[in-house]
Amino acid sequence: MLRLIGSHYHFRRAVPQAVQTCLGRTEISLSLQTQSKLIARERAAALYAATGALFERARMMDEKPDTDLMKDLLAVQAQMIRDQEETLALAEECHALDRKIRDATHNMALLERIQSENAFLDESLRKIREIGQRFDSLRQQLTTGVALSEQEKKMLKAEADRLSGMIVDIQSRQPAHIAQPVPQTMAPAAPEERKPAPKISSPLLSTMAERFIYSDKAKSADTIKATQKTIGLFIEAFGDMPVRQITGNVAGEFFDLLSSLPTTHGKGKTVLPLRVVIAQAQERGLETVGGKTVKNHFSRLSALWGHLVKRDFADKNPWAGWDFNVTKKIVRRGWTDGELALLARTQWSGTAVSHRTWTGIISIGMFTGMRLGEICNLRRQDIEVIDGVSCFHVRPHPEDGWSPKTSAGTRIIPIHSSLLRMEGLNLLEDNGAKYLFPDLTVSTSGERGDNFARSFSKHKKRLGLPEAVTFHSFRHTVSTKLRNQEAHIRELWIDTVLGHEASHKSQGTMNYTSGIDVANLQQVIEALSYPPECIMPF
């Protein structure tokens, strides 16, 4: 589907034999006009849908060549590229304006500080000159030996006290970063004290995260969302600190705090202060998060500090070199037929989600190996007919801020015939709802389907199923079943269906992974089978 020719990516798709006469060609090859693989993937996905619609139109027409169809496709390609480039240009412009605003705000603050310091220095200079003149007068009277009366002595002492008070007043009002002028007096010079070096101003944590992580277009939506969660936890616990003040001691306190969080934190609708949540967890003896979760939070902060140390915003990385207790990690495995049969025959009686949603999500997981987040975010428009095959189209949702876990997660998955036969699921029926499962809720962290995830975990425990079996185990089950099939099912096809990066990354694999025929992917999906007692009943 993607081919790098010269310095630009091209879209290539074979024309089905049935419409080759009508279109007058055996393949379609179009320039995507970009050197970016990420942008090329997005444009190729749109062209894939457009060519699919073109083939459907061609099947309805006579076999005579029709140049208008190709003109329509070229017009779609040109408009798509224009729209995307306009969007990218607007994003660049917004980013540039945002950077200018930040620079202008910083310069205004710097200007105000300079003006304040100049005003202080002018006032201090005037008073110091006045003090010098009065000391000169006193020195002259002392050196001339003029006899002084008691009254004159009292007046001179009062004047000296007033001048001393002026010096103290100047010193108390002086900004810390301005060196203090020392007036010449008759007293012997005291040994000069070494003043500490002025503190270097340090930007805030949120500012640095925005600059190096949130605005980085190369970062995936999942990475940005996860980093926002980590930064949010830190700021809730310690405030938005300057990065130079975040030392190893602070990192240690954050380590202890994270290790005390209950596993249920952030998964419910109720939002409580962080330390209140920890206190409640300790009081109730709740299970706390594992070392892997703490390690993930530290890894995200360590990645940010990698940028800060390189650019001298920080002296060292306080998030590196920590030991995490990950020995309790449970190795996940696939479902056995006995466990699937137990799950199928145990009636769902919960109220968090409907029976259709409960059975539908589990069934799709069994017959596709899709991740739970991918299933929960399926929209009606993500069910497409491609080359006569009904398919799930897993792809980013820019309007909702959701995207697959990896670039390989954007893929086409033919729908298994068993799913299409499930009358209660009604996959091809458009009921007007946006999502395939509209009764799913969204957690405070933005994860859609949190009500199903909690219900599935509780239901699994009630059935006495082991911890090694989770919803993600459906991916292990599907992968194991497919890799044990006959040799004519290629490993590359299985990786494509599951959204895995190809296990053998030759140049040919990298260029043509997304060009696998839907018929081959359908062959992979239809190879999945289960005993009747394992199928979820509607």
# chains A, B, ... in the order shown; residues from 1 in each chain; ligands from 1

$ residues_around --residues "segment 396-402 of chain A" --least-positions-apart "6" --cutoff "10 Å" --atoms "only C-alpha atoms" --output "PyMOL selection string"
chain A and resi 42+220-222+225+373-374+377-379+409-410+446-448

$ write_last_selection --atoms "C-alpha atoms" --output "compact mmCIF listing (two decimals), in the first residue's frame"
# COMPACT_ATOMS: atom_id res chain seq x y z
CA GLU A 42 -3.12 8.96 7.02
CA SER A 220 1.56 9.39 20.16
CA ALA A 221 -1.73 10.42 21.77
CA ASP A 222 -1.34 7.62 24.32
CA LYS A 225 -2.16 11.31 27.74
CA GLY A 373 -9.79 0.08 24.28
CA GLU A 374 -10.09 -0.52 20.53
CA ASN A 377 -14.04 3.04 20.87
CA LEU A 378 -15.58 1.35 17.80
CA ARG A 379 -18.02 3.66 16.01
CA GLY A 409 -2.75 -0.54 15.48
CA THR A 410 -4.39 1.35 12.62
CA GLY A 446 -10.53 9.85 29.55
CA GLU A 447 -10.64 6.06 29.09
CA ARG A 448 -13.86 4.94 27.40

$ residues_around --residues "Gly291 of chain A" --least-positions-apart "4" --cutoff "8 Å" --atoms "only C-alpha atoms" --output "list in words"
Ser259, Lys295, Phe324, Asn325 and Val326 of chain A

$ write_last_selection --atoms "C-alpha atoms" --output "tab-separated table (two decimals), in the first residue's frame"
chain	number	residue	atom	x	y	z
A	259	SER	CA	3.58	3.19	45.94
A	295	LYS	CA	8.17	2.51	37.09
A	324	PHE	CA	11.25	-0.99	41.34
A	325	ASN	CA	9.74	-4.09	42.87
A	326	VAL	CA	8.40	-5.86	39.81

$ closest_residue --among "A:Thr207, A:Gln282, A:Val524, A:Asp256" --to "Pro242 of chain A" --atoms "only C-alpha atoms"
A:Thr207

$ closest_residue --among "A:Thr227, A:Thr351, A:Ser31, A:Thr359" --to "Leu301 of chain A" --atoms "only C-alpha atoms"
A:Thr227

$ closest_residue --among "A:Pro318, A:Pro532, A:Gly432, A:Gly388" --to "Arg345 of chain A" --atoms "only C-alpha atoms"
A:Pro532

$ select_by_dssp --residues "segment 328-432 of chain A" --states "strand (DSSP E)" --output "ChimeraX atom specification"
/A:383-386,389-394,411-414

$ write_last_selection --atoms "N, CA and C atoms" --output "mmCIF file, in the first residue's frame"
data_model
loop_
_atom_site.group_PDB
_atom_site.id
_atom_site.type_symbol
_atom_site.label_atom_id
_atom_site.label_comp_id
_atom_site.auth_asym_id
_atom_site.auth_seq_id
_atom_site.Cartn_x
_atom_site.Cartn_y
_atom_site.Cartn_z
ATOM 1 N N ILE A 383 -17.334 0.446 10.745
ATOM 2 C CA ILE A 383 -17.691 -0.808 10.087
ATOM 3 C C ILE A 383 -17.863 -0.511 8.598
ATOM 4 N N GLU A 384 -16.983 -1.031 7.768
ATOM 5 C CA GLU A 384 -16.960 -0.725 6.348
ATOM 6 C C GLU A 384 -16.994 -2.015 5.524
ATOM 7 N N VAL A 385 -17.467 -1.904 4.322
ATOM 8 C CA VAL A 385 -17.435 -3.024 3.378
ATOM 9 C C VAL A 385 -16.301 -2.752 2.387
ATOM 10 N N ILE A 386 -15.285 -3.583 2.423
ATOM 11 C CA ILE A 386 -14.104 -3.414 1.577
ATOM 12 C C ILE A 386 -13.936 -4.660 0.716
ATOM 13 N N VAL A 389 -16.189 -7.370 1.627
ATOM 14 C CA VAL A 389 -16.013 -7.998 2.942
ATOM 15 C C VAL A 389 -16.310 -6.956 4.026
ATOM 16 N N SER A 390 -17.191 -7.295 4.976
ATOM 17 C CA SER A 390 -17.479 -6.404 6.103
ATOM 18 C C SER A 390 -16.292 -6.410 7.062
ATOM 19 N N CYS A 391 -15.829 -5.213 7.417
ATOM 20 C CA CYS A 391 -14.594 -5.101 8.205
ATOM 21 C C CYS A 391 -14.752 -4.069 9.316
ATOM 22 N N PHE A 392 -13.985 -4.277 10.405
ATOM 23 C CA PHE A 392 -13.751 -3.229 11.392
ATOM 24 C C PHE A 392 -12.550 -2.403 10.907
ATOM 25 N N HIS A 393 -12.685 -1.072 10.937
ATOM 26 C CA HIS A 393 -11.569 -0.201 10.566
ATOM 27 C C HIS A 393 -11.085 0.508 11.837
ATOM 28 N N VAL A 394 -10.024 -0.013 12.440
ATOM 29 C CA VAL A 394 -9.460 0.582 13.654
ATOM 30 C C VAL A 394 -8.560 1.738 13.227
ATOM 31 N N ARG A 411 -5.597 -0.396 11.415
ATOM 32 C CA ARG A 411 -5.641 -1.575 10.551
ATOM 33 C C ARG A 411 -7.077 -1.921 10.163
ATOM 34 N N ILE A 412 -7.196 -2.821 9.205
ATOM 35 C CA ILE A 412 -8.471 -3.377 8.757
ATOM 36 C C ILE A 412 -8.587 -4.806 9.290
ATOM 37 N N ILE A 413 -9.727 -5.127 9.932
ATOM 38 C CA ILE A 413 -9.952 -6.467 10.472
ATOM 39 C C ILE A 413 -11.273 -6.996 9.909
ATOM 40 N N PRO A 414 -11.257 -7.968 9.024
ATOM 41 C CA PRO A 414 -12.514 -8.554 8.541
ATOM 42 C C PRO A 414 -13.340 -9.097 9.711
#

$ decode --residues "segment 331-347 of chain A" --atoms "all heavy atoms" --output "PDB file, in the first residue's frame"
ATOM      1  N   VAL A 331       2.382 -13.412  34.980  1.00  0.00           N
ATOM      2  CA  VAL A 331       2.490 -13.677  33.546  1.00  0.00           C
ATOM      3  C   VAL A 331       1.098 -13.981  32.994  1.00  0.00           C
ATOM      4  O   VAL A 331       0.435 -14.925  33.426  1.00  0.00           O
ATOM      5  CB  VAL A 331       3.444 -14.852  33.278  1.00  0.00           C
ATOM      6  CG1 VAL A 331       3.516 -15.137  31.791  1.00  0.00           C
ATOM      7  CG2 VAL A 331       4.821 -14.561  33.850  1.00  0.00           C
ATOM      8  N   ARG A 332       0.628 -13.142  32.089  1.00  0.00           N
ATOM      9  CA  ARG A 332      -0.693 -13.351  31.497  1.00  0.00           C
ATOM     10  C   ARG A 332      -0.649 -14.513  30.496  1.00  0.00           C
ATOM     11  O   ARG A 332       0.376 -14.753  29.854  1.00  0.00           O
ATOM     12  CB  ARG A 332      -1.163 -12.079  30.782  1.00  0.00           C
ATOM     13  CG  ARG A 332      -1.076 -10.810  31.624  1.00  0.00           C
ATOM     14  CD  ARG A 332      -1.960 -10.873  32.837  1.00  0.00           C
ATOM     15  NE  ARG A 332      -1.888  -9.635  33.607  1.00  0.00           N
ATOM     16  CZ  ARG A 332      -2.377  -9.497  34.829  1.00  0.00           C
ATOM     17  NH1 ARG A 332      -2.959 -10.517  35.424  1.00  0.00           N
ATOM     18  NH2 ARG A 332      -2.275  -8.346  35.465  1.00  0.00           N
ATOM     19  N   ARG A 333      -1.761 -15.190  30.352  1.00  0.00           N
ATOM     20  CA  ARG A 333      -1.841 -16.299  29.406  1.00  0.00           C
ATOM     21  C   ARG A 333      -3.213 -16.266  28.730  1.00  0.00           C
ATOM     22  O   ARG A 333      -4.089 -15.484  29.089  1.00  0.00           O
ATOM     23  CB  ARG A 333      -1.645 -17.624  30.122  1.00  0.00           C
ATOM     24  CG  ARG A 333      -2.697 -17.936  31.195  1.00  0.00           C
ATOM     25  CD  ARG A 333      -2.619 -19.399  31.624  1.00  0.00           C
ATOM     26  NE  ARG A 333      -3.519 -19.726  32.722  1.00  0.00           N
ATOM     27  CZ  ARG A 333      -4.819 -19.984  32.574  1.00  0.00           C
ATOM     28  NH1 ARG A 333      -5.374 -19.925  31.375  1.00  0.00           N
ATOM     29  NH2 ARG A 333      -5.578 -20.282  33.619  1.00  0.00           N
ATOM     30  N   GLY A 334      -3.391 -17.132  27.751  1.00  0.00           N
ATOM     31  CA  GLY A 334      -4.665 -17.208  27.058  1.00  0.00           C
ATOM     32  C   GLY A 334      -5.700 -17.994  27.854  1.00  0.00           C
ATOM     33  O   GLY A 334      -5.395 -18.633  28.867  1.00  0.00           O
ATOM     34  N   TRP A 335      -6.951 -17.927  27.370  1.00  0.00           N
ATOM     35  CA  TRP A 335      -8.043 -18.666  28.003  1.00  0.00           C
ATOM     36  C   TRP A 335      -8.005 -20.131  27.575  1.00  0.00           C
ATOM     37  O   TRP A 335      -7.695 -20.455  26.424  1.00  0.00           O
ATOM     38  CB  TRP A 335      -9.392 -18.084  27.580  1.00  0.00           C
ATOM     39  CG  TRP A 335      -9.657 -16.682  28.051  1.00  0.00           C
ATOM     40  CD1 TRP A 335      -9.155 -15.538  27.534  1.00  0.00           C
ATOM     41  CD2 TRP A 335     -10.530 -16.296  29.109  1.00  0.00           C
ATOM     42  NE1 TRP A 335      -9.644 -14.438  28.198  1.00  0.00           N
ATOM     43  CE2 TRP A 335     -10.502 -14.887  29.186  1.00  0.00           C
ATOM     44  CE3 TRP A 335     -11.335 -17.000  30.012  1.00  0.00           C
ATOM     45  CZ2 TRP A 335     -11.242 -14.158  30.114  1.00  0.00           C
ATOM     46  CZ3 TRP A 335     -12.077 -16.278  30.937  1.00  0.00           C
ATOM     47  CH2 TRP A 335     -12.019 -14.880  30.990  1.00  0.00           C
ATOM     48  N   THR A 336      -8.377 -21.011  28.495  1.00  0.00           N
ATOM     49  CA  THR A 336      -8.598 -22.403  28.124  1.00  0.00           C
ATOM     50  C   THR A 336     -10.067 -22.559  27.703  1.00  0.00           C
ATOM     51  O   THR A 336     -10.910 -21.714  28.026  1.00  0.00           O
ATOM     52  CB  THR A 336      -8.308 -23.338  29.305  1.00  0.00           C
ATOM     53  OG1 THR A 336      -9.257 -23.082  30.362  1.00  0.00           O
ATOM     54  CG2 THR A 336      -6.894 -23.123  29.830  1.00  0.00           C
ATOM     55  N   ASP A 337     -10.382 -23.643  26.998  1.00  0.00           N
ATOM     56  CA  ASP A 337     -11.772 -23.880  26.598  1.00  0.00           C
ATOM     57  C   ASP A 337     -12.675 -24.025  27.819  1.00  0.00           C
ATOM     58  O   ASP A 337     -13.826 -23.574  27.812  1.00  0.00           O
ATOM     59  CB  ASP A 337     -11.858 -25.132  25.725  1.00  0.00           C
ATOM     60  CG  ASP A 337     -11.291 -24.920  24.328  1.00  0.00           C
ATOM     61  OD1 ASP A 337     -11.061 -23.739  23.973  1.00  0.00           O
ATOM     62  OD2 ASP A 337     -11.065 -25.910  23.610  1.00  0.00           O
ATOM     63  N   GLY A 338     -12.158 -24.621  28.897  1.00  0.00           N
ATOM     64  CA  GLY A 338     -12.950 -24.774  30.112  1.00  0.00           C
ATOM     65  C   GLY A 338     -13.297 -23.432  30.743  1.00  0.00           C
ATOM     66  O   GLY A 338     -14.429 -23.228  31.216  1.00  0.00           O
ATOM     67  N   GLU A 339     -12.325 -22.521  30.753  1.00  0.00           N
ATOM     68  CA  GLU A 339     -12.571 -21.188  31.334  1.00  0.00           C
ATOM     69  C   GLU A 339     -13.545 -20.398  30.472  1.00  0.00           C
ATOM     70  O   GLU A 339     -14.415 -19.681  30.990  1.00  0.00           O
ATOM     71  CB  GLU A 339     -11.241 -20.448  31.479  1.00  0.00           C
ATOM     72  CG  GLU A 339     -10.339 -21.040  32.559  1.00  0.00           C
ATOM     73  CD  GLU A 339      -8.899 -20.578  32.462  1.00  0.00           C
ATOM     74  OE1 GLU A 339      -8.511 -20.018  31.400  1.00  0.00           O
ATOM     75  OE2 GLU A 339      -8.159 -20.779  33.432  1.00  0.00           O
ATOM     76  N   LEU A 340     -13.424 -20.506  29.141  1.00  0.00           N
ATOM     77  CA  LEU A 340     -14.365 -19.818  28.250  1.00  0.00           C
ATOM     78  C   LEU A 340     -15.778 -20.378  28.410  1.00  0.00           C
ATOM     79  O   LEU A 340     -16.764 -19.634  28.391  1.00  0.00           O
ATOM     80  CB  LEU A 340     -13.907 -19.965  26.797  1.00  0.00           C
ATOM     81  CG  LEU A 340     -12.672 -19.153  26.382  1.00  0.00           C
ATOM     82  CD1 LEU A 340     -12.251 -19.507  24.957  1.00  0.00           C
ATOM     83  CD2 LEU A 340     -12.955 -17.654  26.484  1.00  0.00           C
ATOM     84  N   ALA A 341     -15.886 -21.696  28.579  1.00  0.00           N
ATOM     85  CA  ALA A 341     -17.197 -22.309  28.771  1.00  0.00           C
ATOM     86  C   ALA A 341     -17.831 -21.833  30.072  1.00  0.00           C
ATOM     87  O   ALA A 341     -19.043 -21.555  30.140  1.00  0.00           O
ATOM     88  CB  ALA A 341     -17.067 -23.831  28.765  1.00  0.00           C
ATOM     89  N   LEU A 342     -17.027 -21.705  31.135  1.00  0.00           N
ATOM     90  CA  LEU A 342     -17.528 -21.187  32.415  1.00  0.00           C
ATOM     91  C   LEU A 342     -18.015 -19.753  32.266  1.00  0.00           C
ATOM     92  O   LEU A 342     -19.090 -19.384  32.775  1.00  0.00           O
ATOM     93  CB  LEU A 342     -16.414 -21.259  33.466  1.00  0.00           C
ATOM     94  CG  LEU A 342     -16.717 -20.629  34.833  1.00  0.00           C
ATOM     95  CD1 LEU A 342     -17.900 -21.331  35.500  1.00  0.00           C
ATOM     96  CD2 LEU A 342     -15.477 -20.677  35.735  1.00  0.00           C
ATOM     97  N   LEU A 343     -17.247 -18.923  31.550  1.00  0.00           N
ATOM     98  CA  LEU A 343     -17.646 -17.532  31.320  1.00  0.00           C
ATOM     99  C   LEU A 343     -18.940 -17.462  30.517  1.00  0.00           C
ATOM    100  O   LEU A 343     -19.814 -16.624  30.782  1.00  0.00           O
ATOM    101  CB  LEU A 343     -16.516 -16.798  30.582  1.00  0.00           C
ATOM    102  CG  LEU A 343     -16.728 -15.311  30.279  1.00  0.00           C
ATOM    103  CD1 LEU A 343     -16.796 -14.500  31.574  1.00  0.00           C
ATOM    104  CD2 LEU A 343     -15.611 -14.774  29.397  1.00  0.00           C
ATOM    105  N   ALA A 344     -19.099 -18.352  29.521  1.00  0.00           N
ATOM    106  CA  ALA A 344     -20.269 -18.311  28.635  1.00  0.00           C
ATOM    107  C   ALA A 344     -21.538 -18.762  29.352  1.00  0.00           C
ATOM    108  O   ALA A 344     -22.618 -18.193  29.129  1.00  0.00           O
ATOM    109  CB  ALA A 344     -20.013 -19.172  27.399  1.00  0.00           C
ATOM    110  N   ARG A 345     -21.429 -19.762  30.202  1.00  0.00           N
ATOM    111  CA  ARG A 345     -22.651 -20.300  30.818  1.00  0.00           C
ATOM    112  C   ARG A 345     -23.066 -19.552  32.081  1.00  0.00           C
ATOM    113  O   ARG A 345     -24.151 -19.781  32.612  1.00  0.00           O
ATOM    114  CB  ARG A 345     -22.462 -21.783  31.131  1.00  0.00           C
ATOM    115  CG  ARG A 345     -21.483 -22.092  32.236  1.00  0.00           C
ATOM    116  CD  ARG A 345     -21.531 -23.593  32.591  1.00  0.00           C
ATOM    117  NE  ARG A 345     -20.550 -23.944  33.610  1.00  0.00           N
ATOM    118  CZ  ARG A 345     -19.359 -24.453  33.368  1.00  0.00           C
ATOM    119  NH1 ARG A 345     -18.977 -24.667  32.103  1.00  0.00           N
ATOM    120  NH2 ARG A 345     -18.535 -24.747  34.360  1.00  0.00           N
ATOM    121  N   THR A 346     -22.204 -18.666  32.599  1.00  0.00           N
ATOM    122  CA  THR A 346     -22.552 -17.877  33.776  1.00  0.00           C
ATOM    123  C   THR A 346     -23.278 -16.616  33.317  1.00  0.00           C
ATOM    124  O   THR A 346     -22.693 -15.754  32.650  1.00  0.00           O
ATOM    125  CB  THR A 346     -21.303 -17.498  34.581  1.00  0.00           C
ATOM    126  OG1 THR A 346     -20.577 -18.685  34.904  1.00  0.00           O
ATOM    127  CG2 THR A 346     -21.698 -16.777  35.859  1.00  0.00           C
ATOM    128  N   GLN A 347     -24.538 -16.503  33.656  1.00  0.00           N
ATOM    129  CA  GLN A 347     -25.365 -15.398  33.163  1.00  0.00           C
ATOM    130  C   GLN A 347     -24.900 -14.067  33.748  1.00  0.00           C
ATOM    131  O   GLN A 347     -24.605 -13.962  34.940  1.00  0.00           O
ATOM    132  CB  GLN A 347     -26.835 -15.632  33.521  1.00  0.00           C
ATOM    133  CG  GLN A 347     -27.783 -14.582  32.934  1.00  0.00           C
ATOM    134  CD  GLN A 347     -29.241 -14.895  33.243  1.00  0.00           C
ATOM    135  OE1 GLN A 347     -29.529 -15.896  33.888  1.00  0.00           O
ATOM    136  NE2 GLN A 347     -30.136 -14.067  32.763  1.00  0.00           N
TER     137      GLN A 347
END
